Amino acid sequence: MEKLAKTWEELEQQCKNCRRCSLADTRKNVVFGVGVTDAEVLFIGEGPGANEDEQGEPFVGRAGKLLDTMLAAVGLSRRHNIYIANMVKCRPPQNRDPLPEEQEACIDWLRAQVSLLRPKIIVCLGRVAACRLIDPDFKVTRQHGQFLEKNGTLMMATLHPAALLRNPNQKPEAFADFLALRDKIGVVCDHTALHFEDEV
Ligand code: URA
């Protein structure tokens with residue numbers, strides 16, 4: 001990769017021109033990330049789906065709506081106080097899991113985002129992010145909601161919102177993770193002001 005940009009704008013521009021793997025051939029848009037660029041909490045999903053590819057923004061489909069609802073319930077939102085990115089920035093065809101080589105080709109973009117953001121807490125949304133970023137043997141169904149420290153950053157994984165759409169009976173478990181996250185933010189974050197939409 002060329003020398004990594006030192007600002008969000010430059011990095012996004014570089015990323016949008018990326019052709020490091022064959023997902024570049026089928027994408028409509030690079031889905032770089034969205035949110036507040038001094039956020040203390042970073043959410044990382046798997047990769048764009050059809051809606052995200054179309055709009056160039058992470059989590060804008062049905063799973064994204066559910067994610068936004070759960071975030072809003074604990075005072076978090078992409079507009080006010082978090083950043084959301086994905087393991088891979090381009091849509092894998094037919095919504096398959098990103099291949100290990102696609103994740104490898106893309107990981108420098110995420111590393112650069114983490115370097116710029118320096119988050120206090122990283123939340124992995126689902127198995128793909130948790131296995132790549134926390135532990136290859138991570139079992140999301142058993143270990144979700146547990147915080148652990150890695151290189152000075154707190155890491156936690158929760159169930160992927162798309163999995164919750166398939167298994168709505170798991171929503172209370174996932175929501176408990178969001179409550180635990182809210183509490184942890186209160187302990188370790190300096191400037192994350194929780195934001196509730198009905199506040200004036
Ligand atoms: N699922 C993901 O993991 N990321 C998105 O951006 C959308 C759906």
# chains A, B, ... in the order shown; residues from 1 in each chain; ligands from 1
$ select_by_dssp --residues "stretch 11-199 of chain A" --states "helix (DSSP H, G or I)" --output "MDAnalysis selection string"
chainID A and resid 11:16 23:26 50:55 62:73 93:95 100:117 127:133 140:143 161:166 168:188
$ select_by_dssp --residues "stretch 7-116 of chain A" --states "strand (DSSP E)" --output "list in words"
Val34, Gly35, Val41, Leu42, Phe43, Ile44, Gly45, Tyr83, Ile84, Ala85 and Asn86 of chain A
$ write_last_selection --atoms "N, CA and C atoms" --output "compact mmCIF listing (two decimals), in the first residue's frame"
# COMPACT_ATOMS: atom_id res chain seq x y z
N VAL A 34 -18.57 5.40 8.54
CA VAL A 34 -19.43 6.55 8.81
C VAL A 34 -19.37 6.86 10.30
N GLY A 35 -19.52 8.11 10.63
CA GLY A 35 -19.62 8.47 12.04
C GLY A 35 -18.77 9.66 12.38
N VAL A 41 -15.69 5.18 20.56
CA VAL A 41 -16.22 3.82 20.39
C VAL A 41 -16.33 3.53 18.89
N LEU A 42 -15.70 2.43 18.48
CA LEU A 42 -15.70 2.02 17.08
C LEU A 42 -16.42 0.68 16.94
N PHE A 43 -17.42 0.62 16.07
CA PHE A 43 -18.13 -0.62 15.75
C PHE A 43 -17.58 -1.15 14.43
N ILE A 44 -17.35 -2.45 14.39
CA ILE A 44 -16.81 -3.04 13.16
C ILE A 44 -17.67 -4.22 12.73
N GLY A 45 -18.28 -4.08 11.55
CA GLY A 45 -19.09 -5.16 10.98
C GLY A 45 -18.24 -6.03 10.07
N TYR A 83 -18.24 5.67 15.65
CA TYR A 83 -17.84 5.46 14.25
C TYR A 83 -18.15 4.01 13.89
N ILE A 84 -18.57 3.78 12.66
CA ILE A 84 -18.90 2.42 12.20
C ILE A 84 -18.10 2.11 10.94
N ALA A 85 -17.40 0.98 10.96
CA ALA A 85 -16.67 0.54 9.77
C ALA A 85 -16.90 -0.96 9.58
N ASN A 86 -16.30 -1.51 8.56
CA ASN A 86 -16.43 -2.94 8.28
C ASN A 86 -15.05 -3.56 8.09
$ residues_around --residues "stretch 103-119 of chain A" --least-positions-apart "3" --cutoff "6 Å" --atoms "only C-alpha atoms" --output "ChimeraX atom specification"
/A:20,38,40-41,88,100
$ residues_near_ligand --ligand "ligand 1" --cutoff "8 Å" --atoms "only C-alpha atoms and all ligand atoms" --output "count of residues only"
24
$ closest_residue --among "A:Lys89, A:Lys184, A:Arg79, A:Arg132" --to "A:Phe196" --atoms "only C-alpha atoms"
A:Arg79
$ atom_distance --atom1 "atom CA of A:Asp53" --atom2 "atom CA of A:Gly33"
11.8 Å
$ residues_around --residues "A:Ala174" --least-positions-apart "4" --cutoff "9 Å" --atoms "only C-alpha atoms" --output "list of chain:residue names"
A:Met70, A:His144, A:Gly145, A:Thr158, A:Leu159, A:His160, A:Pro161, A:Leu164, A:Gln170, A:Phe178, A:Leu179
$ write_last_selection --atoms "N, CA, C and O atoms" --output "JSON list (two decimals), in the first residue's frame"
[["chain", "number", "residue", "atom", "x", "y", "z"],
["A", 70, "MET", "N", -30.96, -0.19, 18.39],
["A", 70, "MET", "CA", -30.31, -0.64, 19.62],
["A", 70, "MET", "C", -29.32, 0.41, 20.12],
["A", 70, "MET", "O", -29.20, 0.66, 21.32],
["A", 144, "HIS", "N", -20.10, -13.41, 23.61],
["A", 144, "HIS", "CA", -20.53, -12.03, 23.35],
["A", 144, "HIS", "C", -20.71, -11.29, 24.67],
["A", 144, "HIS", "O", -21.04, -11.90, 25.70],
["A", 145, "GLY", "N", -20.44, -10.00, 24.64],
["A", 145, "GLY", "CA", -20.64, -9.18, 25.85],
["A", 145, "GLY", "C", -19.46, -9.15, 26.79],
["A", 145, "GLY", "O", -19.44, -8.35, 27.73],
["A", 158, "THR", "N", -20.49, -8.52, 19.91],
["A", 158, "THR", "CA", -21.90, -8.80, 20.13],
["A", 158, "THR", "C", -22.46, -9.52, 18.90],
["A", 158, "THR", "O", -21.76, -9.68, 17.90],
["A", 159, "LEU", "N", -23.68, -9.99, 19.02],
["A", 159, "LEU", "CA", -24.30, -10.72, 17.91],
["A", 159, "LEU", "C", -24.52, -9.77, 16.74],
["A", 159, "LEU", "O", -24.87, -8.59, 16.94],
["A", 160, "HIS", "N", -24.32, -10.27, 15.54],
["A", 160, "HIS", "CA", -24.51, -9.43, 14.37],
["A", 160, "HIS", "C", -26.00, -9.11, 14.20],
["A", 160, "HIS", "O", -26.84, -10.00, 14.34],
["A", 161, "PRO", "N", -26.35, -7.84, 13.93],
["A", 161, "PRO", "CA", -27.78, -7.51, 13.79],
["A", 161, "PRO", "C", -28.50, -8.36, 12.73],
["A", 161, "PRO", "O", -29.69, -8.64, 12.90],
["A", 164, "LEU", "N", -29.60, -11.35, 14.39],
["A", 164, "LEU", "CA", -30.75, -11.07, 15.26],
["A", 164, "LEU", "C", -32.06, -11.03, 14.46],
["A", 164, "LEU", "O", -33.12, -11.38, 14.97],
["A", 170, "GLN", "N", -32.82, -13.93, 20.24],
["A", 170, "GLN", "CA", -31.51, -13.55, 20.82],
["A", 170, "GLN", "C", -31.39, -12.05, 21.08],
["A", 170, "GLN", "O", -30.38, -11.59, 21.61],
["A", 178, "PHE", "N", -25.36, -4.20, 24.82],
["A", 178, "PHE", "CA", -25.40, -2.74, 24.61],
["A", 178, "PHE", "C", -25.49, -2.00, 25.95],
["A", 178, "PHE", "O", -24.90, -0.93, 26.11],
["A", 179, "LEU", "N", -26.23, -2.58, 26.90],
["A", 179, "LEU", "CA", -26.30, -1.96, 28.23],
["A", 179, "LEU", "C", -24.94, -2.02, 28.92],
["A", 179, "LEU", "O", -24.49, -1.05, 29.55]]
$ residues_around --residues "A:Val74" --least-positions-apart "3" --cutoff "12 Å" --atoms "only C-alpha atoms" --output "list in words"
Leu67, Asp68, Thr69, Met70, Leu71, Ser77, Asn81, Ile82, Phe175, Ala176, Asp177, Phe178, Leu179, Ala180, Leu181, Arg182, Asp183, Lys184, Ile185, Gly186, Thr192, Ala193, Leu194, His195, Phe196 and Glu197 of chain A
$ write_last_selection --atoms "C-alpha atoms" --output "compact mmCIF listing (two decimals), in the first residue's frame"
# COMPACT_ATOMS: atom_id res chain seq x y z
CA LEU A 67 -28.46 -1.62 14.81
CA ASP A 68 -29.48 2.06 14.88
CA THR A 69 -32.47 1.24 17.12
CA MET A 70 -30.31 -0.64 19.62
CA LEU A 71 -27.69 2.10 19.56
CA SER A 77 -25.65 7.08 17.14
CA ASN A 81 -20.84 9.79 19.14
CA ILE A 82 -19.60 6.61 17.42
CA PHE A 175 -29.38 -5.76 24.15
CA ALA A 176 -27.70 -6.74 27.42
CA ASP A 177 -24.36 -6.27 25.58
CA PHE A 178 -25.40 -2.74 24.61
CA LEU A 179 -26.30 -1.96 28.23
CA ALA A 180 -22.91 -3.31 29.35
CA LEU A 181 -21.30 -1.14 26.68
CA ARG A 182 -23.11 1.95 27.93
CA ASP A 183 -21.84 1.24 31.45
CA LYS A 184 -18.28 0.68 30.20
CA ILE A 185 -18.39 3.95 28.27
CA GLY A 186 -19.24 5.67 31.56
CA THR A 192 -18.64 10.40 24.74
CA ALA A 193 -21.84 12.23 25.61
CA LEU A 194 -24.77 9.86 25.33
CA HIS A 195 -27.45 11.36 23.10
CA PHE A 196 -31.17 10.61 23.33
CA GLU A 197 -33.32 11.83 20.46
$ atom_distance --atom1 "atom CA of A:Val187" --atom2 "atom CA of A:Thr37"
20.8 Å
$ atom_distance --atom1 "atom CA of A:Lys28" --atom2 "atom CA of A:Glu54"
6.2 Å
